[in-house]
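**Student:** CSV, C-alpha atoms and all ligand atoms, file model.csv:
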chain,number,residue,atom,x,y,z
A,221,MET,CA,-5.1,29.8,11.5
A,222,SER,CA,-8.0,32.2,10.9
A,223,ALA,CA,-11.0,30.9,9.0
A,224,GLN,CA,-10.4,33.7,6.4
A,225,LEU,CA,-6.8,32.6,5.8
A,226,PHE,CA,-7.9,29.0,5.6
A,227,ALA,CA,-10.5,29.9,3.0
A,228,ILE,CA,-7.9,31.8,0.9
A,229,LEU,CA,-5.5,28.8,1.1
A,230,LEU,CA,-8.3,26.4,0.1
A,231,ILE,CA,-9.2,28.6,-2.9
A,232,SER,CA,-5.6,29.0,-4.1
A,233,LEU,CA,-5.1,25.2,-3.8
A,234,CYS,CA,-8.2,24.5,-5.9
A,235,ALA,CA,-7.1,27.0,-8.5
A,236,CYS,CA,-3.7,25.3,-8.6
A,237,ALA,CA,-5.2,21.9,-9.1
A,238,ALA,CA,-7.5,23.1,-11.9
A,239,TRP,CA,-4.6,24.8,-13.6
A,240,ALA,CA,-2.5,21.6,-13.4
A,241,SER,CA,-5.2,19.4,-14.9
A,242,GLU,CA,-5.7,22.0,-17.7
A,243,ASP,CA,-2.0,21.7,-18.6
A,244,GLU,CA,-2.2,18.0,-18.6
A,245,LYS,CA,-5.3,18.1,-20.8
A,246,LYS,CA,-3.6,20.5,-23.2
A,247,LEU,CA,-0.4,18.3,-23.3
A,248,LEU,CA,-2.2,15.1,-24.0
A,249,THR,CA,-4.3,16.7,-26.7
A,250,LYS,CA,-1.2,18.0,-28.3
A,251,LEU,CA,0.8,14.7,-28.0
A,252,PHE,CA,-1.9,12.5,-29.5
A,253,GLU,CA,-3.6,14.8,-32.1
A,254,ASN,CA,-1.8,13.0,-35.0
A,255,TYR,CA,-0.8,9.8,-33.3
A,256,ASP,CA,-1.4,6.4,-35.0
A,257,THR,CA,-0.8,3.5,-32.6
A,258,ARG,CA,-0.2,1.1,-35.6
A,259,VAL,CA,2.8,3.0,-36.8
A,260,ARG,CA,6.3,2.3,-35.5
A,261,PRO,CA,7.7,5.4,-33.9
A,262,VAL,CA,10.7,5.9,-36.2
A,263,LEU,CA,11.6,8.8,-38.4
A,264,GLU,CA,12.5,6.7,-41.5
A,265,ASN,CA,10.9,3.4,-42.4
A,266,SER,CA,14.4,1.9,-42.6
A,267,ASP,CA,15.1,2.8,-38.9
A,268,LYS,CA,14.6,0.2,-36.3
A,269,LEU,CA,13.0,0.7,-33.0
A,270,THR,CA,15.1,-0.5,-30.1
A,271,VAL,CA,13.2,-1.8,-27.1
A,272,GLU,CA,15.0,-2.6,-23.8
A,273,VAL,CA,13.5,-5.7,-22.1
A,274,GLY,CA,14.1,-6.5,-18.5
A,275,VAL,CA,12.6,-9.0,-16.1
A,276,THR,CA,12.0,-9.1,-12.3
A,277,LEU,CA,11.1,-12.5,-11.1
A,278,ARG,CA,8.5,-12.0,-8.3
A,279,LYS,CA,7.7,-15.6,-7.4
A,280,LEU,CA,8.6,-19.1,-8.5
A,281,ILE,CA,5.3,-21.0,-8.4
A,282,LYS,CA,6.3,-24.5,-9.6
A,283,VAL,CA,9.0,-26.5,-11.3
A,284,ASN,CA,7.4,-29.4,-13.0
A,285,PRO,CA,9.8,-32.3,-14.0
A,286,VAL,CA,6.9,-34.3,-15.4
A,287,ALA,CA,5.6,-31.7,-17.8
A,288,ASN,CA,9.0,-30.1,-18.2
A,289,THR,CA,7.8,-26.6,-17.4
A,290,PHE,CA,8.3,-24.0,-14.8
A,291,GLU,CA,5.7,-21.4,-13.6
A,292,ALA,CA,6.5,-18.0,-12.3
A,293,ILE,CA,5.1,-14.5,-11.8
A,294,ALA,CA,7.3,-11.9,-13.3
A,295,TRP,CA,7.3,-8.2,-14.1
A,296,ILE,CA,8.3,-7.6,-17.7
A,297,VAL,CA,9.8,-4.2,-18.1
A,298,GLN,CA,10.0,-2.6,-21.6
A,299,LYS,CA,11.6,0.8,-22.4
A,300,TRP,CA,11.8,2.6,-25.7
A,301,GLN,CA,11.9,6.1,-27.2
A,302,ASP,CA,8.9,7.5,-29.1
A,303,TYR,CA,10.0,10.7,-30.8
A,304,GLN,CA,6.4,11.9,-31.2
A,305,LEU,CA,5.9,11.9,-27.4
A,306,ARG,CA,8.3,14.7,-26.5
A,307,TRP,CA,7.5,18.0,-25.0
A,308,ASP,CA,9.0,21.0,-23.2
A,309,PRO,CA,7.8,20.8,-19.6
A,310,THR,CA,8.1,24.6,-19.2
A,311,HIS,CA,5.2,25.0,-21.7
A,312,TYR,CA,3.0,22.7,-19.8
A,313,GLY,CA,3.1,23.9,-16.1
A,314,GLY,CA,6.3,21.8,-15.4
A,315,ILE,CA,4.7,18.5,-16.2
A,316,ASN,CA,7.6,16.1,-17.0
A,317,ARG,CA,5.7,12.8,-17.1
A,318,VAL,CA,2.2,11.5,-18.0
A,319,TYR,CA,0.5,8.2,-17.7
A,320,VAL,CA,-1.8,6.9,-20.4
A,321,PRO,CA,-3.4,3.5,-21.2
A,322,GLN,CA,-1.0,1.2,-23.1
A,323,THR,CA,-3.5,0.9,-25.9
A,324,ASP,CA,-2.9,4.6,-26.6
A,325,VAL,CA,0.7,4.2,-27.8
A,326,PHE,CA,2.6,2.0,-30.2
A,327,LYS,CA,4.1,-0.9,-28.4
A,328,THR,CA,5.7,-4.2,-29.4
A,329,ASP,CA,3.8,-7.5,-29.5
A,330,LEU,CA,6.3,-9.1,-27.1
A,331,VAL,CA,5.6,-12.8,-26.4
A,332,LEU,CA,7.2,-15.6,-24.5
A,333,TYR,CA,8.6,-17.8,-27.3
A,334,ASN,CA,9.1,-20.9,-25.0
A,335,SER,CA,5.6,-20.6,-23.6
A,336,ALA,CA,4.1,-24.0,-22.6
A,337,LYS,CA,0.7,-22.4,-22.9
A,338,ALA,CA,-0.8,-19.5,-24.9
A,339,MET,CA,1.0,-16.2,-25.3
A,340,TYR,CA,2.0,-14.7,-22.0
A,341,LYS,CA,-0.1,-11.7,-22.4
A,342,GLU,CA,-3.2,-13.7,-21.8
A,343,HIS,CA,-2.0,-14.2,-18.2
A,344,ARG,CA,-1.6,-10.6,-17.6
A,345,GLN,CA,-3.3,-9.5,-14.4
A,346,GLN,CA,-4.4,-6.1,-15.6
A,347,PRO,CA,-3.8,-3.9,-18.6
A,348,ASN,CA,-1.4,-1.4,-17.1
A,349,LYS,CA,-0.8,2.2,-18.1
A,350,VAL,CA,2.5,3.3,-19.6
A,351,MET,CA,4.6,6.2,-18.3
A,352,ILE,CA,5.8,8.7,-20.8
A,353,MET,CA,8.7,11.1,-19.9
A,354,SER,CA,9.1,14.5,-21.6
A,355,ASP,CA,12.2,13.3,-23.5
A,356,GLY,CA,10.0,10.7,-25.3
A,357,ALA,CA,11.0,7.7,-23.1
A,358,VAL,CA,8.1,5.2,-22.7
A,359,LEU,CA,8.1,2.7,-19.8
A,360,LEU,CA,5.7,-0.3,-19.7
A,361,VAL,CA,5.7,-2.7,-16.8
A,362,ASP,CA,3.4,-5.8,-17.2
A,363,SER,CA,2.8,-8.3,-14.4
A,364,VAL,CA,2.5,-11.7,-16.0
A,365,LYS,CA,2.2,-15.3,-15.0
A,366,LEU,CA,4.5,-17.5,-17.2
A,367,THR,CA,4.4,-21.2,-17.8
A,368,ALA,CA,7.6,-21.9,-19.8
A,369,ASP,CA,9.1,-24.9,-21.4
A,370,CYS,CA,12.2,-26.1,-19.5
A,371,LEU,CA,13.9,-29.4,-19.8
A,372,ILE,CA,14.3,-30.4,-16.2
A,373,ASN,CA,16.8,-33.0,-15.0
A,374,ASP,CA,15.2,-34.0,-11.8
A,375,THR,CA,18.4,-35.8,-10.4
A,376,ALA,CA,20.5,-32.6,-10.8
A,377,THR,CA,20.7,-30.1,-7.9
A,378,GLU,CA,21.4,-27.1,-10.2
A,379,ILE,CA,19.3,-26.4,-13.3
A,380,ALA,CA,18.8,-23.4,-15.6
A,381,CYS,CA,15.3,-22.6,-17.0
A,382,PRO,CA,15.0,-20.1,-20.0
A,383,ILE,CA,12.6,-17.2,-20.4
A,384,ILE,CA,12.8,-16.2,-24.1
A,385,LEU,CA,11.0,-13.0,-25.0
A,386,GLY,CA,10.7,-11.5,-28.5
A,387,SER,CA,8.3,-9.8,-30.9
A,388,TRP,CA,6.0,-12.1,-32.7
A,389,VAL,CA,5.7,-10.3,-36.0
A,390,TYR,CA,8.4,-7.7,-36.2
A,391,ASP,CA,11.8,-8.8,-37.6
A,392,MET,CA,15.1,-7.4,-36.6
A,393,SER,CA,15.0,-4.6,-39.3
A,394,GLN,CA,11.9,-3.2,-37.6
A,395,ILE,CA,12.2,-4.0,-33.9
A,396,ASP,CA,15.5,-4.7,-32.1
A,397,LEU,CA,15.7,-5.7,-28.5
A,398,LYS,CA,18.4,-5.1,-25.9
A,399,PRO,CA,18.8,-6.7,-22.5
A,400,GLY,CA,17.7,-4.6,-19.6
A,401,THR,CA,17.9,-5.5,-15.9
A,402,PHE,CA,17.3,-9.0,-14.6
A,403,SER,CA,16.6,-9.5,-11.0
A,404,THR,CA,14.8,-11.5,-8.4
A,405,ASP,CA,13.0,-10.3,-5.4
A,406,PRO,CA,14.5,-12.3,-2.5
A,407,ASP,CA,11.6,-11.5,-0.2
A,408,VAL,CA,9.0,-12.8,-2.6
A,409,ILE,CA,10.7,-15.7,-4.3
A,410,ALA,CA,9.8,-19.0,-2.7
A,411,SER,CA,9.1,-22.5,-3.9
A,412,PRO,CA,8.9,-25.7,-1.8
A,413,MET,CA,11.7,-27.4,-3.8
A,414,TRP,CA,13.8,-24.8,-5.6
A,415,THR,CA,15.6,-21.5,-4.9
A,416,VAL,CA,16.5,-19.0,-7.6
A,417,THR,CA,20.3,-18.5,-7.4
A,418,GLY,CA,20.8,-16.2,-10.4
A,419,MET,CA,19.5,-14.6,-13.6
A,420,LYS,CA,21.3,-13.6,-16.7
A,421,GLY,CA,20.0,-12.3,-20.0
A,422,LYS,CA,21.4,-11.8,-23.5
A,423,ARG,CA,20.4,-10.7,-26.9
A,424,VAL,CA,20.0,-13.5,-29.5
A,425,GLU,CA,19.5,-13.2,-33.2
A,426,ARG,CA,17.9,-16.0,-35.1
A,427,PHE,CA,17.8,-16.3,-38.9
A,428,PHE,CA,14.8,-18.0,-40.6
A,429,PRO,CA,16.0,-19.2,-44.0
A,430,LYS,CA,12.5,-19.8,-45.2
A,431,TRP,CA,11.6,-16.1,-44.9
A,432,GLU,CA,15.1,-14.8,-45.1
A,433,LEU,CA,14.5,-12.7,-42.0
A,434,SER,CA,16.2,-12.4,-38.7
A,435,TYR,CA,14.3,-12.1,-35.4
A,436,VAL,CA,15.8,-10.9,-32.1
A,437,SER,CA,14.9,-12.3,-28.7
A,438,VAL,CA,16.1,-11.6,-25.2
A,439,ASN,CA,17.0,-15.0,-23.6
A,440,ILE,CA,17.2,-15.1,-19.9
A,441,ASP,CA,18.5,-18.0,-17.9
A,442,VAL,CA,17.0,-18.5,-14.5
A,443,ASN,CA,19.4,-20.6,-12.4
A,444,LEU,CA,17.7,-22.8,-9.8
A,445,SER,CA,19.1,-24.8,-7.0
A,446,LYS,CA,17.3,-27.7,-5.3
A,447,ASN,CA,16.6,-27.1,-1.6
A,448,LYS,CA,18.7,-29.4,0.6
A,449,ASN,CA,16.7,-30.7,3.5
A,450,ASP,CA,13.2,-31.2,4.7
A,451,MET,CA,13.3,-28.2,7.0
A,452,ASP,CA,14.2,-25.9,4.1
A,453,VAL,CA,11.3,-27.5,2.1
A,454,ASP,CA,8.8,-26.9,4.9
A,455,LYS,CA,9.9,-23.3,5.5
A,456,SER,CA,9.9,-22.3,1.9
A,457,HIS,CA,6.5,-24.0,1.5
A,458,GLU,CA,5.0,-21.8,4.3
A,459,LYS,CA,6.6,-18.8,2.7
A,460,ALA,CA,5.1,-19.6,-0.7
A,461,ASN,CA,1.6,-19.8,0.8
A,462,VAL,CA,2.0,-16.4,2.5
A,463,ASN,CA,3.2,-14.8,-0.7
A,464,ALA,CA,0.3,-16.4,-2.7
A,465,ASN,CA,-2.1,-14.4,-0.4
A,466,ASP,CA,-0.1,-11.2,-0.8
A,467,LEU,CA,-0.7,-11.2,-4.6
A,501,LIG,C1,21.2,-35.2,-14.8
A,501,LIG,O1,21.9,-34.7,-13.7
A,501,LIG,C2,22.8,-35.7,-13.2
A,501,LIG,C3,23.4,-35.2,-11.9
A,501,LIG,O2,24.0,-33.9,-12.1
A,501,LIG,C4,23.8,-36.1,-14.2
A,501,LIG,O3,24.7,-37.2,-13.7
A,501,LIG,C5,23.1,-36.6,-15.5
A,501,LIG,O4,24.0,-36.9,-16.5
A,501,LIG,C6,22.1,-35.6,-15.9
A,501,LIG,N1,21.3,-36.2,-17.0
A,501,LIG,C7,21.1,-35.6,-18.2
A,501,LIG,C8,20.2,-36.2,-19.2
A,501,LIG,O5,21.7,-34.5,-18.5
A,502,LIG,C1,23.9,-20.3,-14.1
A,502,LIG,O1,24.3,-21.6,-14.3
A,502,LIG,C2,25.3,-21.8,-15.2
A,502,LIG,C3,25.6,-23.3,-15.4
A,502,LIG,O2,24.5,-24.0,-15.6
A,502,LIG,C4,26.6,-21.0,-14.9
A,502,LIG,O3,27.5,-21.1,-15.9
A,502,LIG,C5,26.2,-19.5,-14.7
A,502,LIG,O4,27.3,-18.8,-14.3
A,502,LIG,C6,25.1,-19.3,-13.7
A,502,LIG,N1,24.6,-18.0,-13.7
A,502,LIG,C7,24.3,-17.3,-12.6
A,502,LIG,C8,23.9,-15.9,-12.9
A,502,LIG,O5,24.2,-17.8,-11.5
Will you turn the file into structure tokens for me?
Ligand SMILES: *[C@@H]1O[C@H](CO)[C@@H](O)[C@H](O)[C@H]1NC(C)=O
Ligand SMILES: *[C@@H]1O[C@H](CO)[C@@H](O)[C@H](O)[C@H]1NC(C)=O

**Tutor:**
Amino acid sequence: MSAQLFAILLISLCACAAWASEDEKKLLTKLFENYDTRVRPVLENSDKLTVEVGVTLRKLIKVNPVANTFEAIAWIVQKWQDYQLRWDPTHYGGINRVYVPQTDVFKTDLVLYNSAKAMYKEHRQQPNKVMIMSDGAVLLVDSVKLTADCLINDTATEIACPIILGSWVYDMSQIDLKPGTFSTDPDVIASPMWTVTGMKGKRVERFFPKWELSYVSVNIDVNLSKNKNDMDVDKSHEKANVNANDL
């Protein structure tokens, strides 16, 4: 390649990059010019916002039969539609997704209802960005460390521990939840004593007579099976250590 051609190529690449970033700037300015992060993204006040909640269990840290708790690292995945955050990609240089700090958009105050400690958000490793698609779909993935209440029968070989997620303040007429995808990562999950054998989630409504309001949660059962012999115990223990370093 001649030096001249290379120079031309370089200049055109730079021009392209500058053009793309101008489009993104124009788009973000347009999207957020009248945006209020406190307002639920619904057209009518009587409309509810439906948020899909999914969980990927990354690591089982500890099942504690004395404290009746279990600790895990999980990805909490939330998806919803924000009608204000839609655009036509052809008007913005073909951009079909943008990433913004999660503090820039309205989002639910999702908490772990059966937390044995403070709200799960306090264990978040970093405040992640959200992804916004041109059709208004917003995706938020938080990596959290959970310590959840779970009544543990230590003599049983199969137990189920719950992860219960719901909005702290918004009742069902304002925010509804629907179960998303629940999965475990077989390469990452490891505990000296227990193996995750399955996960299943469902939507649960709970009525509070005192306030005459219903709240929705997504209740996930994490099935655990006790490891059989010492060899299994040793192996999974080593694996747990390796994974702790990976994180
Ligand atoms: C604990 O599990 C054992 C073995 O499965 C069972 O026999 C026992 O009834 C369970 N105890 C309670 C309190 O559920
Ligand atoms: C979890 O365990 C329960 C019994 O405790 C069982 O009914 C259910 O099918 C199991 N679910 C999965 C996903 O393994």

**Student:** Hey, which residues come within 8 Å of ligand LIG 501 (chain A) if we count all atoms listed in the file? Could you give them as an MDAnalysis selection string?

**Tutor:** chainID A and resid 373:378

**Student:** Step by step, measure atom-to-atom distances between ligand LIG 502 (chain A) and each residue using only C-alpha atoms and all ligand atoms, keep those at most 8 Å, then write them as a PyMOL selection string.

**Tutor:** chain A and resi 378-380+417-420+441-444

**Student:** Hey, can you check how far CA of Phe428 in chain A sits from CA of Ala292 in chain A?

**Tutor:**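 Atom-to-atom, CA of Phe428 in chain A and CA of Ala292 in chain A are spaced 29.5 Å apart.
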
**Student:** What does the distance from CA of Glu253 in chain A to CA of Ile315 in chain A come to in Å, to one decimal?

**Tutor:**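 Computing it gives 18.3 Å between the two atoms.
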
**Student:** Which residue out of A:Val320, A:Leu371, A:Leu305, A:Leu332 has the minimum interatomic distance to Asn288 in chain A when only C-alpha atoms are used?

**Tutor:**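 Selected residue with least distance to Asn288 in chain A: A:Leu371.
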
**Student:** What gap, in Å, lies between CA of Lys448 in chain A and CA of Arg278 in chain A?

**Tutor:**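 Rounded to one decimal, the two atoms are 22.0 Å apart.
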
**Student:** Smallest atom-to-atom distance to Phe402 in chain A: which of A:Gln298, A:Asn447, A:Ser241, A:Thr257, using all atoms listed in the file?

**Tutor:** A:Gln298

**Student:** Select, from A:Ser354, A:Thr415, A:Thr367, A:Gln394, the residue with the minimum atom-to-atom distance to Leu248 in chain A, counting all atoms listed in the file.

**Tutor:** A:Ser354

**Student:** In terms of the shortest atom-to-atom distance over only C-alpha atoms, which of A:Ala287, A:Val318, A:Met351, A:Ile281 is closest to Leu247 in chain A?

**Tutor:**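 Nearest candidate to Leu247 in chain A out of A:Ala287, A:Val318, A:Met351, A:Ile281: A:Val318.
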
**Student:** Quick one: of A:Val275, A:Tyr303, A:Val286, A:Thr270, who's nearest to Tyr255 in chain A, counting all atoms listed in the file?

**Tutor:**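 Ranked by minimum distance to Tyr255 in chain A, first place goes to A:Tyr303.
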
**Student:** With all atoms listed in the file as the basis for distance, which of A:Val424, A:Val325, A:Ile296, A:Leu433 is at the shortest distance from Leu277 in chain A?

**Tutor:**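 Closest candidate: A:Ile296.
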
**Student:** Could you give me, as a PyMOL selection string, the residues that have an atom at most 12 Å away from the point (15.7, -7.2, -35.2) in the coordinates of the file, using only C-alpha atoms?

**Tutor:** chain A and resi 266-271+328+386-398+423-427+433-438

**Student:** Need the neighbours of (-1.0, 14.9, -18.6): which residues are at most 12 Å away, counting all atoms listed in the file, as a ChimeraX atom specification?

**Tutor:** /A:239-252,305,307,309,312-321,351-354
